[in-house]
Structures are given as structure tokens and as C-alpha cells.
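Have a look at the structure below, then the notes.
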Amino acid sequence: MLANVIAHGTRARAVWRRRTQRRAVQGNAGATVTTPTLPQPAVNTPNDDVRPTVKDVRRISKGDAARKRGTGSRNVAHRLNADEAKDFDVARQRAGYVCTKGTGYRRERGGAPLVNTWLLWCDAMAVPSICLHRGSGSESKDQVGVDTSPLRVEKHVDAPLRAWVVEVATKHGAHLVDDDDVRYVQNDLDDERERAEARECLPTREQFDMAERRVKEQGDVVRAIKEKGHGNQHPEVAAAVVVLKQAKAELEELHAAVEEVERIEQEARDVLKARMDALVEDAIWKLPRRRLLFELPDRATAKAFAAEVVEATGIQKAIGRAKQL
């Protein structure tokens, strides 16, 4: 009898959750959003060298050592407590997104183990990391974070996906709280501005020709004066040499301007190469976070939004693949 009551209660709660999420979606049914085309991950298979294995993620979530070196770090909290382990299992086995109390930060661990471990699992499966941060007070609303860093692609590659996420969030009545990419984009804009300013100072071919001609002509003047029998100490020679040195200095400044532009351009290429190398060489906890953080009006809407992103980004399929690993 008791078992029947428990089973009935479980089914009733499941039905209530589905109806609540359906109402949240129907409340915004006026807006239609096209499902995005997912970007091809930089490293496509779950067990490539740079990505952790699913089994190693589970190992370090329990505090055990990973078999693959570099999977975790002592400076990054990954070990889960009992409650977090349950939430992690729900996420990786069914939901496709992880739920945390607040931000998931634990003072004694000096970080957010559940968020970090889920990010690691998503990196293993090459899918975005989605976290639902439950508000802990009456004034605190639920937030949903969508982090595309596990895809390991450049910003321009997953820009359509991120734009789609923002569009879906707007449909659910959410507003954007934070976008990690804004800081990175600002840095890129600053670098591009520096390169543009340097290019504006780049000498033209005509300026080079004129400067070289002045050096040659003034050199001829100095030689002509010396051919008259005047030595280096002669006033005419000394005055002509001063003009020659000025002409050479101006020519050197033009060459220095070109070298400065080349230096700045090379630095930009080096930064881009380092960024691309990091995507296919570094552990996920070393890469910059690329999270979109939204605040939702209520719990049901937050779950509906997270579930829609999970479905569209292939995380449910990743769950099926992970069970076979």
C-alpha cells in the first residue's frame, strides 16, 4: 500500500512538473525561434587527448585520482559532497543541466565543485554546459548559465548559437545578467584599435622615396664639398653632414614605424595562435569561461528554458553516448 502511494506521488509530481513547464512555454508561444545549427567542436570525439574521459570525471568527482594526467587540478574544486553527487547524477543521466543552490560556491572547498565537475563532463562530451542556479531567498531569482567553452571553438564560430540562446531566453522572459564574451570582445577591440592607430602612422611609398632621395642628394653634396679639398672639420662640410644626419634620421624613423606595425601585427598573430593552441591543448579549467548568465522570472520558466537549450544543443544525445562509455 505504501509503495503504491509513493509511486502515485512520484507520478503526480512528474505530471505537475511537465504541466508547469508547458504553461511556461505556452505563455511565450507568440515568439517562434529557429533551432540553431550547432558549431562543429574543435575536438569532436569525447575521448580525444585534450578532453577528459567520462570515467575520469566521475573519479575526480568522488575525490579519486584521474587516470589521465591534467584532468583536474588541486587549485580547482571538483570533489562533490553527497547532495552534489545526486544533482550531478541527475544532470548526467537525465536532465542535461545541473542545478545548484545559489552559485554552487562552497567556502570550505574554495570554489563551486558541482559547476566545475559539470563543466568537465560537458567538455568530455563536447557540449555546452548549462547550470540552473536556484535562488536561495525570497528576493533572489533563479539564474541559468549557458557556457559554450566546452565546444572549444573561437568566438565567431559559435556566435550564431549564442545569439540563438539569447533569443530563446528573451522568449522566456529572461534578461541577460552577464556575458563573459563582452570582456574578451572589449580586449579584442582594444587590440584592433591599437593596430589601426599603428597602420595610420604607416609611411607611404612616396614618403620612403622622398626620404631616400634626400639622403642620396645630401650625400652627394657632402662628397662634392670634400672634393674641393675641404676636410671634415671645414664649416661647409660640418654643416652639410648635419643635414645629412637629419635626413638619415628621418629615414630611420620611417623604417621604425614600419617595424612597429610589423611587431604589433606579429603580436596579434601570436595571440591568435596561442588562443587556438589552447583550445586543442589546454584543460577546460585553464580556458576562459564563455558563459551567458540569465535571470528568469520563476523556477518553472527557468527549467523550461534550460530544457529547451538542452534539447536543441544535443546534450540529451550526449547523455546517451556517455552511458555507453
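Residue numbering restarts at 1 for every chain of the C-alpha cells, chains are lettered A, B, ... in their displayed order, and ligands are numbered from 1 as they appear.
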Note to self: Residues of segment 60-202 of chain A classed as strand (DSSP E) by DSSP on the backbone are to be reported as a VMD selection string.
What the structure shows: chain A and resid 98 to 101 129 to 134 143 to 147 175 to 179
Please write the residues from the selection above to a file, keeping C-alpha atoms, as a PDB file, in the first residue's frame.
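Resulting contents of again.pdb:
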```pdb
ATOM      1  CA  VAL A  98      22.853  20.772 -13.384  1.00  0.00           C
ATOM      2  CA  CYS A  99      21.016  22.517 -10.548  1.00  0.00           C
ATOM      3  CA  THR A 100      22.931  24.311  -7.811  1.00  0.00           C
ATOM      4  CA  LYS A 101      21.961  26.140  -4.666  1.00  0.00           C
ATOM      5  CA  SER A 129      27.497  23.493 -20.015  1.00  0.00           C
ATOM      6  CA  ILE A 130      24.102  24.549 -18.664  1.00  0.00           C
ATOM      7  CA  CYS A 131      23.601  25.337 -14.980  1.00  0.00           C
ATOM      8  CA  LEU A 132      20.419  26.348 -13.204  1.00  0.00           C
ATOM      9  CA  HIS A 133      21.345  28.382 -10.137  1.00  0.00           C
ATOM     10  CA  ARG A 134      18.415  28.250  -7.738  1.00  0.00           C
ATOM     11  CA  GLN A 143      19.512  32.124 -12.934  1.00  0.00           C
ATOM     12  CA  VAL A 144      20.556  29.946 -15.848  1.00  0.00           C
ATOM     13  CA  GLY A 145      24.088  29.944 -17.208  1.00  0.00           C
ATOM     14  CA  VAL A 146      24.959  28.646 -20.672  1.00  0.00           C
ATOM     15  CA  ASP A 147      28.711  28.199 -21.122  1.00  0.00           C
ATOM     16  CA  HIS A 175      17.188  39.147 -19.127  1.00  0.00           C
ATOM     17  CA  LEU A 176      20.923  38.878 -19.593  1.00  0.00           C
ATOM     18  CA  VAL A 177      22.860  39.399 -16.364  1.00  0.00           C
ATOM     19  CA  ASP A 178      26.396  38.725 -17.555  1.00  0.00           C
ATOM     20  CA  ASP A 179      28.244  37.798 -20.734  1.00  0.00           C
TER      21      ASP A 179
END
```
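By chain and then residue number, the residues within 9 Å of Thr313 of chain A are Thr35, Pro36, Thr37, Leu38, Val127, Pro128, Leu161, Glu308, Val309, Val310, Glu311, Ile315 and Gln316 of chain A, counting only C-alpha atoms and disregarding those fewer than 2 positions away in sequence.
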Write a file of the just-selected residues containing N, CA, C and O atoms, as a PDB file, in the first residue's frame.
```
ATOM      1  N   THR A  35      15.600  26.656 -34.426  1.00  0.00           N
ATOM      2  CA  THR A  35      16.643  25.867 -33.773  1.00  0.00           C
ATOM      3  C   THR A  35      17.987  26.146 -34.427  1.00  0.00           C
ATOM      4  O   THR A  35      18.091  26.186 -35.653  1.00  0.00           O
ATOM      5  N   PRO A  36      19.037  26.353 -33.627  1.00  0.00           N
ATOM      6  CA  PRO A  36      20.322  26.754 -34.204  1.00  0.00           C
ATOM      7  C   PRO A  36      21.051  25.596 -34.866  1.00  0.00           C
ATOM      8  O   PRO A  36      20.808  24.430 -34.574  1.00  0.00           O
ATOM      9  N   THR A  37      21.953  25.949 -35.766  1.00  0.00           N
ATOM     10  CA  THR A  37      22.888  24.973 -36.315  1.00  0.00           C
ATOM     11  C   THR A  37      24.102  24.937 -35.398  1.00  0.00           C
ATOM     12  O   THR A  37      24.773  25.948 -35.206  1.00  0.00           O
ATOM     13  N   LEU A  38      24.361  23.786 -34.808  1.00  0.00           N
ATOM     14  CA  LEU A  38      25.429  23.697 -33.823  1.00  0.00           C
ATOM     15  C   LEU A  38      26.792  23.795 -34.490  1.00  0.00           C
ATOM     16  O   LEU A  38      27.017  23.196 -35.542  1.00  0.00           O
ATOM     17  N   VAL A 127      29.837  19.396 -25.405  1.00  0.00           N
ATOM     18  CA  VAL A 127      28.538  20.077 -25.444  1.00  0.00           C
ATOM     19  C   VAL A 127      28.589  21.286 -24.516  1.00  0.00           C
ATOM     20  O   VAL A 127      29.424  21.342 -23.607  1.00  0.00           O
ATOM     21  N   PRO A 128      27.707  22.265 -24.716  1.00  0.00           N
ATOM     22  CA  PRO A 128      27.676  23.411 -23.803  1.00  0.00           C
ATOM     23  C   PRO A 128      27.321  22.983 -22.382  1.00  0.00           C
ATOM     24  O   PRO A 128      26.627  21.988 -22.168  1.00  0.00           O
ATOM     25  N   LEU A 161      25.083  30.379 -32.338  1.00  0.00           N
ATOM     26  CA  LEU A 161      24.489  29.608 -31.247  1.00  0.00           C
ATOM     27  C   LEU A 161      24.211  30.503 -30.046  1.00  0.00           C
ATOM     28  O   LEU A 161      23.128  30.446 -29.444  1.00  0.00           O
ATOM     29  N   GLU A 308      14.892  23.543 -22.929  1.00  0.00           N
ATOM     30  CA  GLU A 308      14.851  23.836 -24.363  1.00  0.00           C
ATOM     31  C   GLU A 308      16.262  23.937 -24.943  1.00  0.00           C
ATOM     32  O   GLU A 308      16.532  23.444 -26.041  1.00  0.00           O
ATOM     33  N   VAL A 309      17.155  24.563 -24.200  1.00  0.00           N
ATOM     34  CA  VAL A 309      18.540  24.674 -24.675  1.00  0.00           C
ATOM     35  C   VAL A 309      19.200  23.295 -24.701  1.00  0.00           C
ATOM     36  O   VAL A 309      19.947  22.963 -25.625  1.00  0.00           O
ATOM     37  N   VAL A 310      18.916  22.486 -23.689  1.00  0.00           N
ATOM     38  CA  VAL A 310      19.454  21.121 -23.650  1.00  0.00           C
ATOM     39  C   VAL A 310      19.024  20.343 -24.881  1.00  0.00           C
ATOM     40  O   VAL A 310      19.830  19.677 -25.543  1.00  0.00           O
ATOM     41  N   GLU A 311      17.748  20.423 -25.206  1.00  0.00           N
ATOM     42  CA  GLU A 311      17.216  19.668 -26.338  1.00  0.00           C
ATOM     43  C   GLU A 311      17.824  20.144 -27.656  1.00  0.00           C
ATOM     44  O   GLU A 311      18.173  19.339 -28.525  1.00  0.00           O
ATOM     45  N   ILE A 315      22.485  17.819 -25.996  1.00  0.00           N
ATOM     46  CA  ILE A 315      23.008  17.286 -24.737  1.00  0.00           C
ATOM     47  C   ILE A 315      22.332  15.961 -24.388  1.00  0.00           C
ATOM     48  O   ILE A 315      22.968  15.059 -23.832  1.00  0.00           O
ATOM     49  N   GLN A 316      21.045  15.833 -24.716  1.00  0.00           N
ATOM     50  CA  GLN A 316      20.367  14.565 -24.444  1.00  0.00           C
ATOM     51  C   GLN A 316      21.015  13.421 -25.220  1.00  0.00           C
ATOM     52  O   GLN A 316      21.169  12.313 -24.708  1.00  0.00           O
TER      53      GLN A 316
END
```
Next item on the list: Run DSSP on the backbone and grab whatever in segment 156-265 of chain A lands in helix (DSSP H, G or I); send it over as a PyMOL selection string.
Entry: chain A and resi 156-171+180-200+205-227+235-265
Residue subset to file, keeping C-alpha atoms, as an mmCIF file, in the first residue's frame:
```
data_model
loop_
_atom_site.group_PDB
_atom_site.id
_atom_site.type_symbol
_atom_site.label_atom_id
_atom_site.label_comp_id
_atom_site.auth_asym_id
_atom_site.auth_seq_id
_atom_site.Cartn_x
_atom_site.Cartn_y
_atom_site.Cartn_z
ATOM 1 C CA HIS A 156 32.979 33.852 -34.358
ATOM 2 C CA VAL A 157 32.234 30.123 -34.768
ATOM 3 C CA ASP A 158 29.646 29.781 -32.007
ATOM 4 C CA ALA A 159 28.305 33.341 -32.288
ATOM 5 C CA PRO A 160 25.090 32.135 -34.034
ATOM 6 C CA LEU A 161 24.489 29.608 -31.247
ATOM 7 C CA ARG A 162 24.982 32.231 -28.542
ATOM 8 C CA ALA A 163 22.668 34.629 -30.380
ATOM 9 C CA TRP A 164 20.047 31.867 -30.516
ATOM 10 C CA VAL A 165 20.391 31.266 -26.764
ATOM 11 C CA VAL A 166 19.808 34.968 -26.095
ATOM 12 C CA GLU A 167 16.758 34.886 -28.362
ATOM 13 C CA VAL A 168 15.300 31.864 -26.576
ATOM 14 C CA ALA A 169 15.996 33.448 -23.192
ATOM 15 C CA THR A 170 14.145 36.579 -24.269
ATOM 16 C CA LYS A 171 11.215 34.422 -25.346
ATOM 17 C CA ASP A 180 31.849 36.686 -20.375
ATOM 18 C CA ASP A 181 32.464 37.359 -24.057
ATOM 19 C CA VAL A 182 31.900 41.092 -23.558
ATOM 20 C CA ARG A 183 35.218 41.333 -21.725
ATOM 21 C CA TYR A 184 37.042 39.295 -24.348
ATOM 22 C CA VAL A 185 35.464 41.273 -27.175
ATOM 23 C CA GLN A 186 36.492 44.518 -25.486
ATOM 24 C CA ASN A 187 40.075 43.281 -25.269
ATOM 25 C CA ASP A 188 39.969 42.357 -28.948
ATOM 26 C CA LEU A 189 38.575 45.787 -29.810
ATOM 27 C CA ASP A 190 41.351 47.472 -27.846
ATOM 28 C CA ASP A 191 43.952 45.402 -29.694
ATOM 29 C CA GLU A 192 42.352 46.170 -33.041
ATOM 30 C CA ARG A 193 42.278 49.874 -32.176
ATOM 31 C CA GLU A 194 46.000 49.755 -31.409
ATOM 32 C CA ARG A 195 46.683 48.054 -34.735
ATOM 33 C CA ALA A 196 44.526 50.586 -36.590
ATOM 34 C CA GLU A 197 46.351 53.509 -34.995
ATOM 35 C CA ALA A 198 49.689 51.954 -35.918
ATOM 36 C CA ARG A 199 48.555 51.428 -39.521
ATOM 37 C CA GLU A 200 47.558 55.095 -39.750
ATOM 38 C CA ARG A 205 55.943 54.505 -50.612
ATOM 39 C CA GLU A 206 56.195 58.158 -51.670
ATOM 40 C CA GLN A 207 57.477 59.137 -48.219
ATOM 41 C CA PHE A 208 60.141 56.451 -48.413
ATOM 42 C CA ASP A 209 61.177 57.526 -51.912
ATOM 43 C CA MET A 210 61.417 61.161 -50.850
ATOM 44 C CA ALA A 211 63.441 60.350 -47.714
ATOM 45 C CA GLU A 212 65.827 58.084 -49.611
ATOM 46 C CA ARG A 213 66.246 60.734 -52.303
ATOM 47 C CA ARG A 214 67.078 63.363 -49.685
ATOM 48 C CA VAL A 215 69.741 61.116 -48.158
ATOM 49 C CA LYS A 216 71.270 60.419 -51.561
ATOM 50 C CA GLU A 217 71.222 64.066 -52.644
ATOM 51 C CA GLN A 218 72.680 65.311 -49.374
ATOM 52 C CA GLY A 219 75.364 62.633 -49.549
ATOM 53 C CA ASP A 220 76.277 63.946 -52.991
ATOM 54 C CA VAL A 221 76.501 67.460 -51.522
ATOM 55 C CA VAL A 222 78.926 66.310 -48.816
ATOM 56 C CA ARG A 223 81.103 64.490 -51.345
ATOM 57 C CA ALA A 224 81.132 67.493 -53.670
ATOM 58 C CA ILE A 225 82.346 69.783 -50.880
ATOM 59 C CA LYS A 226 85.066 67.320 -49.876
ATOM 60 C CA GLU A 227 86.231 67.054 -53.495
ATOM 61 C CA PRO A 235 82.446 74.562 -41.679
ATOM 62 C CA GLU A 236 80.780 73.763 -45.027
ATOM 63 C CA VAL A 237 81.425 70.038 -44.616
ATOM 64 C CA ALA A 238 80.240 70.058 -40.996
ATOM 65 C CA ALA A 239 77.022 71.896 -41.903
ATOM 66 C CA ALA A 240 76.315 69.537 -44.815
ATOM 67 C CA VAL A 241 76.941 66.486 -42.589
ATOM 68 C CA VAL A 242 74.415 67.793 -40.047
ATOM 69 C CA VAL A 243 71.777 67.990 -42.775
ATOM 70 C CA LEU A 244 72.756 64.500 -43.973
ATOM 71 C CA LYS A 245 72.355 63.080 -40.462
ATOM 72 C CA GLN A 246 68.913 64.669 -40.172
ATOM 73 C CA ALA A 247 67.872 63.110 -43.486
ATOM 74 C CA LYS A 248 69.125 59.689 -42.361
ATOM 75 C CA ALA A 249 67.311 60.057 -39.022
ATOM 76 C CA GLU A 250 64.045 60.796 -40.828
ATOM 77 C CA LEU A 251 64.544 57.715 -42.999
ATOM 78 C CA GLU A 252 65.234 55.601 -39.909
ATOM 79 C CA GLU A 253 62.019 56.882 -38.312
ATOM 80 C CA LEU A 254 60.073 55.680 -41.326
ATOM 81 C CA HIS A 255 61.680 52.241 -41.072
ATOM 82 C CA ALA A 256 60.974 52.193 -37.313
ATOM 83 C CA ALA A 257 57.296 52.957 -37.965
ATOM 84 C CA VAL A 258 57.091 50.004 -40.347
ATOM 85 C CA GLU A 259 58.827 47.741 -37.832
ATOM 86 C CA GLU A 260 56.399 48.844 -35.106
ATOM 87 C CA VAL A 261 53.405 47.921 -37.249
ATOM 88 C CA GLU A 262 55.009 44.577 -38.062
ATOM 89 C CA ARG A 263 55.648 43.994 -34.348
ATOM 90 C CA ILE A 264 52.035 44.741 -33.416
ATOM 91 C CA GLU A 265 50.720 42.555 -36.221
#
```
Next item on the list: Please provide as an MDAnalysis selection string all residues within 12 Å of Lys317 of chain A, with the sequence filter that same-chain residues fewer than 4 positions apart are discarded (counting only C-alpha atoms).
Entry: chainID A and resid 92:96 125:127 310:313 321:324
Item checked: Long-range neighbours of segment 57-70 of chain A as a ChimeraX atom specification, 12 Å cut-off, only C-alpha atoms, 2 positions minimum in chain -> /A:46-55,72-82,84-89,92,112-125,281-286,322,325
